[in-house]
file target00.pdb (PDB, C-alpha atoms and all ligand atoms)
MODEL        1
ATOM      1  CA  MET A  11      54.072  15.651  80.993
ATOM      2  CA  HIS A  12      53.937  12.367  79.225
ATOM      3  CA  LEU A  13      50.719  10.373  78.994
ATOM      4  CA  LEU A  14      52.505   7.366  80.428
ATOM      5  CA  MET A  15      52.435   8.853  83.888
ATOM      6  CA  GLY A  16      48.824   7.749  84.076
ATOM      7  CA  THR A  17      49.418   4.257  82.781
ATOM      8  CA  LYS A  18      48.755   1.543  85.302
ATOM      9  CA  PRO A  19      51.143  -1.355  85.832
ATOM     10  CA  GLY A  20      50.215  -4.384  83.770
ATOM     11  CA  ARG A  21      48.962  -2.335  80.861
ATOM     12  CA  PRO A  22      51.020  -1.808  77.742
ATOM     13  CA  ALA A  23      53.188   1.269  77.923
ATOM     14  CA  MET A  24      52.520   2.012  74.240
ATOM     15  CA  ILE A  25      50.704   5.282  73.845
ATOM     16  CA  ALA A  26      49.280   7.533  71.183
ATOM     17  CA  ALA A  27      51.006   7.191  67.845
ATOM     18  CA  GLU A  28      51.687  10.910  67.531
ATOM     19  CA  THR A  29      54.178  10.678  70.400
ATOM     20  CA  ILE A  30      56.447   8.337  68.473
ATOM     21  CA  PRO A  31      59.575  10.249  67.406
ATOM     22  CA  GLU A  32      59.638  11.403  63.817
ATOM     23  CA  SER A  33      62.812   9.417  63.372
ATOM     24  CA  GLY A  34      60.725   6.278  63.886
ATOM     25  CA  THR A  35      61.467   3.180  65.942
ATOM     26  CA  ALA A  36      62.408   0.676  63.246
ATOM     27  CA  VAL A  37      65.957  -0.602  63.166
ATOM     28  CA  PRO A  38      68.096   1.799  61.096
ATOM     29  CA  ALA A  39      69.283   0.417  57.798
ATOM     30  CA  ASP A  40      72.916   0.543  58.827
ATOM     31  CA  VAL A  41      72.470  -1.750  61.844
ATOM     32  CA  ARG A  42      70.141  -4.374  60.414
ATOM     33  CA  THR A  43      71.019  -7.979  61.085
ATOM     34  CA  ASP A  44      73.392  -9.097  58.401
ATOM     35  CA  ASP A  45      73.328 -12.792  57.549
ATOM     36  CA  ARG A  46      75.296 -12.360  54.377
ATOM     37  CA  LEU A  47      78.579 -14.117  53.879
ATOM     38  CA  CYS A  48      80.656 -11.046  54.752
ATOM     39  CA  GLY A  49      78.792 -10.732  58.047
ATOM     40  CA  ARG A  50      79.402 -14.352  58.988
ATOM     41  CA  LEU A  51      83.040 -14.077  58.008
ATOM     42  CA  TRP A  52      83.415 -10.992  60.143
ATOM     43  CA  GLY A  53      81.982 -12.799  63.161
ATOM     44  CA  LEU A  54      84.226 -15.789  62.510
ATOM     45  CA  GLY A  55      87.268 -13.536  62.232
ATOM     46  CA  GLN A  56      86.412 -11.835  65.495
ATOM     47  CA  GLN A  57      86.198 -15.167  67.303
ATOM     48  CA  CYS A  58      89.483 -16.316  65.743
ATOM     49  CA  LEU A  59      91.125 -13.156  67.044
ATOM     50  CA  LEU A  60      89.679 -13.647  70.505
ATOM     51  CA  ARG A  61      90.831 -17.240  70.687
ATOM     52  CA  ALA A  62      94.291 -16.251  69.500
ATOM     53  CA  LEU A  63      94.393 -13.678  72.284
ATOM     54  CA  VAL A  64      93.551 -16.209  75.023
ATOM     55  CA  PRO A  65      97.188 -17.436  75.379
ATOM     56  CA  VAL A  66      98.379 -13.835  75.046
ATOM     57  CA  ALA A  67      96.203 -12.763  77.956
ATOM     58  CA  THR A  68      97.297 -15.820  79.945
ATOM     59  CA  ALA A  69     100.986 -15.168  79.335
ATOM     60  CA  LEU A  70     101.074 -11.399  79.635
ATOM     61  CA  GLY A  71      98.241 -10.767  82.062
ATOM     62  CA  ASN A  72      96.307  -7.548  82.005
ATOM     63  CA  ARG A  73      97.285  -4.781  79.633
ATOM     64  CA  HIS A  74      96.021  -2.081  82.020
ATOM     65  CA  GLN A  75      96.402  -2.199  85.774
ATOM     66  CA  ALA A  76      93.595   0.254  86.525
ATOM     67  CA  ALA A  77      90.654  -0.653  84.336
ATOM     68  CA  PHE A  78      87.567  -2.801  84.481
ATOM     69  CA  GLY A  79      85.111  -4.127  81.926
ATOM     70  CA  ILE A  80      81.379  -3.936  81.388
ATOM     71  CA  LEU A  81      79.615  -6.761  79.555
ATOM     72  CA  VAL A  82      76.393  -6.356  77.614
ATOM     73  CA  TYR A  83      73.950  -9.138  76.802
ATOM     74  CA  HIS A  84      70.657  -9.021  74.935
ATOM     75  CA  ARG A  85      68.602 -12.237  74.731
ATOM     76  CA  VAL A  86      69.306 -15.293  76.901
ATOM     77  CA  THR A  87      67.225 -17.891  75.128
ATOM     78  CA  GLN A  88      66.908 -21.526  74.213
ATOM     79  CA  PRO A  89      67.504 -22.137  70.504
ATOM     80  CA  THR A  90      64.708 -23.318  68.205
ATOM     81  CA  ALA A  91      65.651 -26.119  65.840
ATOM     82  CA  GLY A  92      66.078 -24.912  62.292
ATOM     83  CA  ILE A  93      65.919 -21.219  63.183
ATOM     84  CA  PRO A  94      69.127 -19.248  62.684
ATOM     85  CA  VAL A  95      69.928 -16.888  65.529
ATOM     86  CA  PRO A  96      72.075 -13.772  65.772
ATOM     87  CA  THR A  97      75.267 -14.137  67.727
ATOM     88  CA  ASN A  98      73.912 -12.012  70.549
ATOM     89  CA  ASN A  99      71.422 -14.761  71.429
ATOM     90  CA  VAL A 100      73.141 -16.616  74.274
ATOM     91  CA  THR A 101      71.706 -19.844  75.641
ATOM     92  CA  PRO A 102      71.165 -20.160  79.415
ATOM     93  CA  HIS A 103      73.796 -22.925  79.512
ATOM     94  CA  THR A 104      76.391 -20.735  77.797
ATOM     95  CA  PHE A 105      75.429 -17.756  79.936
ATOM     96  CA  ARG A 106      76.052 -19.732  83.127
ATOM     97  CA  ARG A 107      79.359 -21.127  81.850
ATOM     98  CA  GLN A 108      80.618 -17.705  80.809
ATOM     99  CA  LEU A 109      79.905 -16.012  84.121
ATOM    100  CA  ALA A 110      80.768 -18.923  86.391
ATOM    101  CA  GLY A 111      84.035 -19.239  84.466
ATOM    102  CA  LEU A 112      84.889 -15.610  85.136
ATOM    103  CA  LEU A 113      84.235 -16.096  88.855
ATOM    104  CA  ARG A 114      86.440 -19.204  88.886
ATOM    105  CA  ARG A 115      89.234 -17.184  87.299
ATOM    106  CA  GLY A 116      89.175 -14.707  90.147
ATOM    107  CA  TYR A 117      86.968 -12.023  88.642
ATOM    108  CA  GLN A 118      84.351 -10.353  90.781
ATOM    109  CA  ALA A 119      81.048  -8.894  89.613
ATOM    110  CA  TRP A 120      80.074  -5.416  90.749
ATOM    111  CA  PRO A 121      76.807  -3.532  90.403
ATOM    112  CA  LEU A 122      77.110  -0.712  87.897
ATOM    113  CA  ARG A 123      76.099   1.783  90.583
ATOM    114  CA  LYS A 124      79.005   0.692  92.783
ATOM    115  CA  ALA A 125      81.478   1.233  89.935
ATOM    116  CA  LEU A 126      79.967   4.649  89.289
ATOM    117  CA  GLU A 127      80.208   5.590  92.948
ATOM    118  CA  TYR A 128      83.840   4.471  93.203
ATOM    119  CA  HIS A 129      84.628   6.441  90.061
ATOM    120  CA  ARG A 130      82.884   9.522  91.434
ATOM    121  CA  GLN A 131      84.904   9.304  94.638
ATOM    122  CA  GLY A 132      88.148   8.695  92.783
ATOM    123  CA  ARG A 133      88.601   5.335  94.478
ATOM    124  CA  PRO A 134      90.382   2.547  92.591
ATOM    125  CA  ILE A 135      88.259  -0.262  91.216
ATOM    126  CA  PRO A 136      89.951  -3.665  91.551
ATOM    127  CA  ARG A 137      91.407  -4.833  88.242
ATOM    128  CA  GLU A 138      89.535  -8.137  88.054
ATOM    129  CA  THR A 139      86.133  -6.476  88.214
ATOM    130  CA  PHE A 140      83.347  -6.819  85.692
ATOM    131  CA  VAL A 141      79.839  -5.435  85.427
ATOM    132  CA  VAL A 142      76.926  -7.259  83.785
ATOM    133  CA  THR A 143      74.310  -5.358  81.790
ATOM    134  CA  PHE A 144      71.441  -6.249  79.460
ATOM    135  CA  ASP A 145      70.046  -4.033  76.721
ATOM    136  CA  ASP A 146      66.474  -3.581  75.474
ATOM    137  CA  GLY A 147      64.608  -5.523  78.171
ATOM    138  CA  TYR A 148      63.734  -8.977  76.894
ATOM    139  CA  ALA A 149      61.491 -11.266  78.920
ATOM    140  CA  SER A 150      64.113 -13.980  78.483
ATOM    141  CA  VAL A 151      66.346 -12.056  80.876
ATOM    142  CA  TYR A 152      63.733 -12.496  83.599
ATOM    143  CA  GLN A 153      63.012 -16.084  82.641
ATOM    144  CA  HIS A 154      66.506 -17.463  82.021
ATOM    145  CA  ALA A 155      69.216 -15.039  83.097
ATOM    146  CA  VAL A 156      68.012 -13.781  86.473
ATOM    147  CA  PRO A 157      67.762 -17.243  88.104
ATOM    148  CA  ILE A 158      71.382 -17.865  87.089
ATOM    149  CA  LEU A 159      72.461 -14.449  88.340
ATOM    150  CA  ARG A 160      70.782 -15.157  91.674
ATOM    151  CA  GLU A 161      72.449 -18.553  91.889
ATOM    152  CA  LEU A 162      75.876 -17.026  91.209
ATOM    153  CA  GLN A 163      75.071 -13.851  93.196
ATOM    154  CA  ILE A 164      76.040 -11.655  90.267
ATOM    155  CA  PRO A 165      74.420  -8.199  90.198
ATOM    156  CA  ALA A 166      73.252  -6.778  86.888
ATOM    157  CA  THR A 167      71.555  -3.781  85.329
ATOM    158  CA  VAL A 168      68.785  -4.237  82.769
ATOM    159  CA  PHE A 169      68.453  -1.254  80.440
ATOM    160  CA  VAL A 170      64.801  -1.153  79.464
ATOM    161  CA  ALA A 171      63.239   0.616  76.478
ATOM    162  CA  THR A 172      60.272   1.687  78.578
ATOM    163  CA  ALA A 173      57.713   2.269  75.801
ATOM    164  CA  TYR A 174      57.533  -1.467  75.206
ATOM    165  CA  LEU A 175      56.927  -2.727  78.728
ATOM    166  CA  ASP A 176      54.045  -5.223  78.612
ATOM    167  CA  ALA A 177      53.989  -5.276  74.812
ATOM    168  CA  GLU A 178      52.944  -8.565  73.261
ATOM    169  CA  TRP A 179      54.765  -8.046  70.005
ATOM    170  CA  PRO A 180      58.451  -7.804  69.144
ATOM    171  CA  PHE A 181      60.381  -4.598  69.613
ATOM    172  CA  PRO A 182      60.068  -2.605  66.375
ATOM    173  CA  PHE A 183      63.851  -2.209  66.293
ATOM    174  CA  ASP A 184      64.358  -5.985  66.551
ATOM    175  CA  ASP A 185      64.342  -7.351  63.030
ATOM    176  CA  TRP A 186      65.316 -10.887  64.089
ATOM    177  CA  SER A 187      62.324 -11.257  66.411
ATOM    178  CA  ALA A 188      59.941  -9.840  63.841
ATOM    179  CA  ASN A 189      61.158 -12.362  61.290
ATOM    180  CA  VAL A 190      60.962 -15.447  63.514
ATOM    181  CA  ARG A 191      57.957 -14.560  65.658
ATOM    182  CA  PRO A 192      55.596 -17.186  64.227
ATOM    183  CA  GLU A 193      58.158 -19.956  64.667
ATOM    184  CA  VAL A 194      59.831 -19.444  68.038
ATOM    185  CA  HIS A 195      58.510 -19.284  71.579
ATOM    186  CA  PRO A 196      57.420 -15.781  72.661
ATOM    187  CA  LEU A 197      60.012 -15.882  75.438
ATOM    188  CA  SER A 198      62.668 -15.577  72.750
ATOM    189  CA  TRP A 199      61.463 -12.191  71.622
ATOM    190  CA  ARG A 200      58.853 -10.769  73.987
ATOM    191  CA  PRO A 201      59.631  -7.540  75.900
ATOM    192  CA  LEU A 202      59.588  -7.589  79.699
ATOM    193  CA  SER A 203      56.368  -6.936  81.547
ATOM    194  CA  THR A 204      55.903  -4.538  84.433
ATOM    195  CA  ARG A 205      55.338  -7.470  86.782
ATOM    196  CA  GLU A 206      58.515  -9.206  85.667
ATOM    197  CA  CYS A 207      60.554  -6.041  86.185
ATOM    198  CA  ALA A 208      59.100  -5.546  89.652
ATOM    199  CA  GLU A 209      59.954  -9.135  90.590
ATOM    200  CA  MET A 210      63.465  -8.836  89.178
ATOM    201  CA  ILE A 211      64.400  -5.844  91.281
ATOM    202  CA  ALA A 212      62.683  -6.986  94.473
ATOM    203  CA  ASP A 213      65.783  -8.403  96.179
ATOM    204  CA  GLY A 214      68.144  -5.636  95.050
ATOM    205  CA  LEU A 215      70.472  -7.811  92.976
ATOM    206  CA  ILE A 216      69.024  -6.543  89.705
ATOM    207  CA  ASP A 217      68.731  -2.861  88.852
ATOM    208  CA  LEU A 218      66.761  -1.170  86.091
ATOM    209  CA  GLY A 219      68.240   1.538  83.890
ATOM    210  CA  THR A 220      66.890   3.399  80.902
ATOM    211  CA  HIS A 221      67.604   2.471  77.304
ATOM    212  CA  THR A 222      65.473   5.481  76.300
ATOM    213  CA  HIS A 223      61.700   5.286  75.984
ATOM    214  CA  TRP A 224      61.316   4.618  72.267
ATOM    215  CA  HIS A 225      64.724   3.212  71.356
ATOM    216  CA  ALA A 226      64.671   5.477  68.315
ATOM    217  CA  ASP A 227      67.468   6.628  66.059
ATOM    218  CA  PHE A 228      68.548   9.752  67.933
ATOM    219  CA  ARG A 229      71.489  10.628  65.710
ATOM    220  CA  GLY A 230      71.637  14.395  65.288
ATOM    221  CA  ARG A 231      68.618  14.855  67.602
ATOM    222  CA  PRO A 232      69.940  15.654  71.080
ATOM    223  CA  ALA A 233      66.790  17.610  72.031
ATOM    224  CA  LEU A 234      64.637  14.616  71.102
ATOM    225  CA  LEU A 235      66.860  12.305  73.137
ATOM    226  CA  TYR A 236      66.599  14.649  76.113
ATOM    227  CA  ARG A 237      62.789  14.692  76.033
ATOM    228  CA  ASP A 238      62.627  10.951  75.461
ATOM    229  CA  LEU A 239      64.879  10.282  78.434
ATOM    230  CA  LEU A 240      62.703  12.432  80.684
ATOM    231  CA  THR A 241      59.730  10.290  79.679
ATOM    232  CA  SER A 242      61.605   7.077  80.301
ATOM    233  CA  LEU A 243      62.919   8.258  83.658
ATOM    234  CA  ALA A 244      59.369   9.180  84.683
ATOM    235  CA  VAL A 245      58.222   5.647  83.867
ATOM    236  CA  LEU A 246      61.056   4.058  85.834
ATOM    237  CA  ARG A 247      60.375   6.310  88.805
ATOM    238  CA  ALA A 248      56.577   5.939  88.786
ATOM    239  CA  ARG A 249      56.420   2.189  88.233
ATOM    240  CA  PHE A 250      59.521   0.928  89.984
ATOM    241  CA  GLY A 251      60.735   3.716  92.240
ATOM    242  CA  VAL A 252      64.023   3.989  90.338
ATOM    243  CA  LYS A 253      65.864   7.211  91.165
ATOM    244  CA  ASP A 254      69.102   8.482  89.663
ATOM    245  CA  ALA A 255      68.838   5.997  86.838
ATOM    246  CA  THR A 256      71.677   4.731  84.707
ATOM    247  CA  PHE A 257      71.484   4.881  80.912
ATOM    248  CA  ALA A 258      72.794   2.955  77.918
ATOM    249  CA  PHE A 259      72.543   4.335  74.374
ATOM    250  CA  PRO A 260      70.317   2.516  71.878
ATOM    251  CA  PHE A 261      72.447   0.953  69.133
ATOM    252  CA  GLY A 262      75.455   2.192  71.104
ATOM    253  CA  ASN A 263      77.939   2.503  68.267
ATOM    254  CA  LYS A 264      80.201   5.548  68.028
ATOM    255  CA  GLU A 265      81.377   4.941  64.498
ATOM    256  CA  ARG A 266      77.826   5.208  63.212
ATOM    257  CA  GLY A 267      77.085   8.234  65.381
ATOM    258  CA  PHE A 268      74.649   6.717  67.882
ATOM    259  CA  CYS A 269      76.552   8.153  70.841
ATOM    260  CA  ALA A 270      78.080  11.433  69.716
ATOM    261  CA  PRO A 271      79.210  14.111  72.219
ATOM    262  CA  GLU A 272      76.025  16.194  71.833
ATOM    263  CA  LEU A 273      73.949  13.122  72.680
ATOM    264  CA  SER A 274      76.063  12.423  75.764
ATOM    265  CA  ALA A 275      75.551  16.034  76.813
ATOM    266  CA  ALA A 276      71.792  15.692  76.346
ATOM    267  CA  ALA A 277      71.806  12.542  78.427
ATOM    268  CA  GLN A 278      73.788  14.226  81.163
ATOM    269  CA  GLY A 279      71.294  17.090  81.150
ATOM    270  CA  SER A 280      68.409  14.685  81.702
ATOM    271  CA  GLY A 281      69.890  13.632  85.032
ATOM    272  CA  VAL A 282      71.060  10.082  84.286
ATOM    273  CA  LEU A 283      74.226   8.926  86.025
ATOM    274  CA  CYS A 284      76.012   7.652  82.941
ATOM    275  CA  SER A 285      75.654   6.949  79.235
ATOM    276  CA  LEU A 286      77.137   3.650  78.173
ATOM    277  CA  THR A 287      78.136   2.809  74.615
ATOM    278  CA  THR A 288      78.925  -0.482  72.924
ATOM    279  CA  GLU A 289      82.493   0.512  72.185
ATOM    280  CA  GLN A 290      84.461  -2.674  72.769
ATOM    281  CA  GLU A 291      86.828  -1.274  75.347
ATOM    282  CA  LEU A 292      87.701  -1.265  79.021
ATOM    283  CA  VAL A 293      86.786   1.561  81.352
ATOM    284  CA  THR A 294      89.787   3.490  82.663
ATOM    285  CA  PRO A 295      89.806   5.943  85.590
ATOM    286  CA  GLN A 296      90.270   8.826  83.146
ATOM    287  CA  GLN A 297      87.069   8.147  81.222
ATOM    288  CA  PRO A 298      83.923  10.023  82.255
ATOM    289  CA  PRO A 299      80.924   7.739  82.854
ATOM    290  CA  PHE A 300      79.167   9.389  79.912
ATOM    291  CA  ASP A 301      81.649   7.656  77.662
ATOM    292  CA  TRP A 302      82.046   4.185  79.154
ATOM    293  CA  GLY A 303      82.257   1.345  76.648
ATOM    294  CA  ARG A 304      80.983  -2.216  76.958
ATOM    295  CA  PHE A 305      81.894  -5.586  75.488
ATOM    296  CA  THR A 306      79.051  -7.225  73.577
ATOM    297  CA  VAL A 307      78.987 -10.879  74.649
ATOM    298  CA  THR A 308      78.098 -13.428  71.972
ATOM    299  CA  SER A 309      77.100 -17.072  71.974
ATOM    300  CA  CYS A 310      80.618 -17.893  70.725
ATOM    301  CA  ASP A 311      82.287 -16.453  73.812
ATOM    302  CA  THR A 312      83.751 -18.670  76.492
ATOM    303  CA  ALA A 313      85.009 -17.550  79.869
ATOM    304  CA  ALA A 314      88.496 -17.589  78.333
ATOM    305  CA  THR A 315      87.565 -15.274  75.475
ATOM    306  CA  LEU A 316      85.798 -12.986  77.937
ATOM    307  CA  VAL A 317      89.058 -12.828  79.885
ATOM    308  CA  ALA A 318      90.788 -11.971  76.602
ATOM    309  CA  ARG A 319      88.357  -9.073  76.230
ATOM    310  CA  LEU A 320      88.690  -8.012  79.873
ATOM    311  CA  SER A 321      92.493  -8.254  79.819
ATOM    312  CA  GLY A 322      92.612  -5.283  77.481
ATOM    313  CA  TRP A 323      94.487  -6.999  74.672
ATOM    314  CA  TYR A 324      91.400  -7.372  72.542
ATOM    315  CA  THR A 325      90.918  -3.609  72.401
ATOM    316  CA  LEU A 326      94.463  -3.186  71.092
ATOM    317  CA  PHE A 327      93.288  -4.725  67.849
ATOM    318  CA  ARG A 328      90.058  -2.787  67.694
ATOM    319  CA  ASP A 329      91.190  -0.039  65.361
ATOM    320  CA  LEU A 330      92.762  -2.530  62.989
ATOM    321  CA  TRP A 331      89.594  -4.582  63.142
ATOM    322  CA  ARG A 332      87.513  -1.536  62.283
ATOM    323  CA  ARG A 333      89.602  -0.838  59.239
ATOM    324  CA  LEU A 334      89.065  -4.409  58.078
ATOM    325  CA  ARG A 335      85.373  -4.104  58.775
ATOM    326  CA  ARG A 336      85.105  -0.942  56.730
ATOM    327  CA  ALA A 337      86.544  -2.896  53.843
ATOM    328  CA  SER A 338      83.867  -5.566  54.370
ATOM    329  CA  PRO A 339      80.987  -3.915  56.228
ATOM    330  CA  SER A 340      78.764  -6.141  58.350
ATOM    331  CA  ARG A 341      76.563  -5.905  61.387
ATOM    332  CA  GLN A 342      75.746  -7.905  64.459
ATOM    333  CA  GLY A 343      72.092  -7.009  64.572
ATOM    334  CA  ALA A 344      70.037  -4.554  66.534
ATOM    335  CA  THR A 345      71.376  -3.588  69.913
TER     336      THR A 345
HETATM  337 ZN    ZN A 401      69.029  -1.639  72.281
ENDMDL
END

call {"tool": "encode", "arguments": {"input": "target00.pdb", "output": "structure tokens", "more": "lines below"}}
Ligand SMILES: [Zn+2]
result
Amino acid sequence: MHLLMGTKPGRPAMIAAETIPESGTAVPADVRTDDRLCGRLWGLGQQCLLRALVPVATALGNRHQAAFGILVYHRVTQPTAGIPVPTNNVTPHTFRRQLAGLLRRGYQAWPLRKALEYHRQGRPIPRETFVVTFDDGYASVYQHAVPILRELQIPATVFVATAYLDAEWPFPFDDWSANVRPEVHPLSWRPLSTRECAEMIADGLIDLGTHTHWHADFRGRPALLYRDLLTSLAVLRARFGVKDATFAFPFGNKERGFCAPELSAAAQGSGVLCSLTTEQELVTPQQPPFDWGRFTVTSCDTAATLVARLSGWYTLFRDLWRRLRRASPSRQGAT
């Protein structure tokens, strides 16, 4: 049994160094934040595509009649003057506009557990449905995002890397936070605390899921992922009473092997209800919940571009986009 079972709330969940996976917890070289010109051009091209698809989605409507979309956010933070930020830093103002805009356009937000239950029962999920998730477990979600979610009555799941609860230093897999730590407010990079998690879930609108315990590079290590998930699930159960937890893969990218079939099987064996990727695609009734994709929301997104993603037309261009990206490889930063 893991040493964390004896850890009291309010104390850092970090434990003896020998329990850290051999694969380490630093961000893998192939997903490091890329501020080079090719990376910025890739992001610009993606936004151009999305904006071009807005009138397409408006004119043609949804590409699939039985699919819904899951969104994934990371940090919801105020910018710091002079400090460059990755595109997955979304300001509270933008966050509110994105989600309120989706509601105004007739979309409805569902809890992830409700979508999973409907899928399990074979019941149709209304087409204009979206699910909100957060990866890693940043304190900024508690500080900035949750008040907006409560105001809009939008449920969400926060996937927490449980080893870092209560830590007072950046996540080791978060190269942006490590680089800017001396210059930006701790709320921009600090992991969630146990108290903040407990407050978030108190009214039932927010749910906690696991993002593994160590957020390590589990590629080719399904047994390690399995053991890690058992540890993380024990933390969620002991501290927050979470049962039958949901799960989202660290780094989440299929192309780079972060969510291969053997890893999905290991996750399923641990008892989690799902394993979500960051494949930019809708969820169809045929897809098992251990292979559900999610759309990574950026600070450049508007409600209209989110509709373009959720309409299904964006995914049509995904394979072409990947081929272009292979020709000019870039990254969006740690996820
Ligand atoms: Zn992550």

call {"tool": "atom_distance", "arguments": {"input": "target00.pdb", "atom1": "atom CA of Val293 of chain A", "atom2": "atom CA of Leu202 of chain A"}}
result
28.7 Å

call {"tool": "closest_residue", "arguments": {"input": "target00.pdb", "among": "A:Val317, A:Val282, A:Ile135, A:Ala36", "to": "ligand ZN 401 (chain A)", "atoms": "all atoms listed in the file"}}
result
A:Ala36

call {"tool": "residues_near_ligand", "arguments": {"input": "target00.pdb", "ligand": "ligand ZN 401 (chain A)", "cutoff": "9 Å", "atoms": "only C-alpha atoms and all ligand atoms", "output": "list in words"}}
result
His84, Phe144, Asp145, Asp146, Gly147, Phe169, Val170, Ala171, Phe183, Asp184, His221, Thr222, His225, Ala258, Phe259, Pro260, Phe261, Gly262, Ala344 and Thr345 of chain A

call {"tool": "residues_around", "arguments": {"input": "target00.pdb", "residues": "Leu292 of chain A", "least_positions_apart": "2", "cutoff": "7 Å", "atoms": "all atoms listed in the file", "output": "VMD selection string"}}
result
chain A and resid 77 to 79 294 303 320 322

call {"tool": "closest_residue", "arguments": {"input": "target00.pdb", "among": "A:Pro134, A:Ala125, A:Thr35, A:Gly251", "to": "Pro180 of chain A", "atoms": "all atoms listed in the file"}}
result
A:Thr35
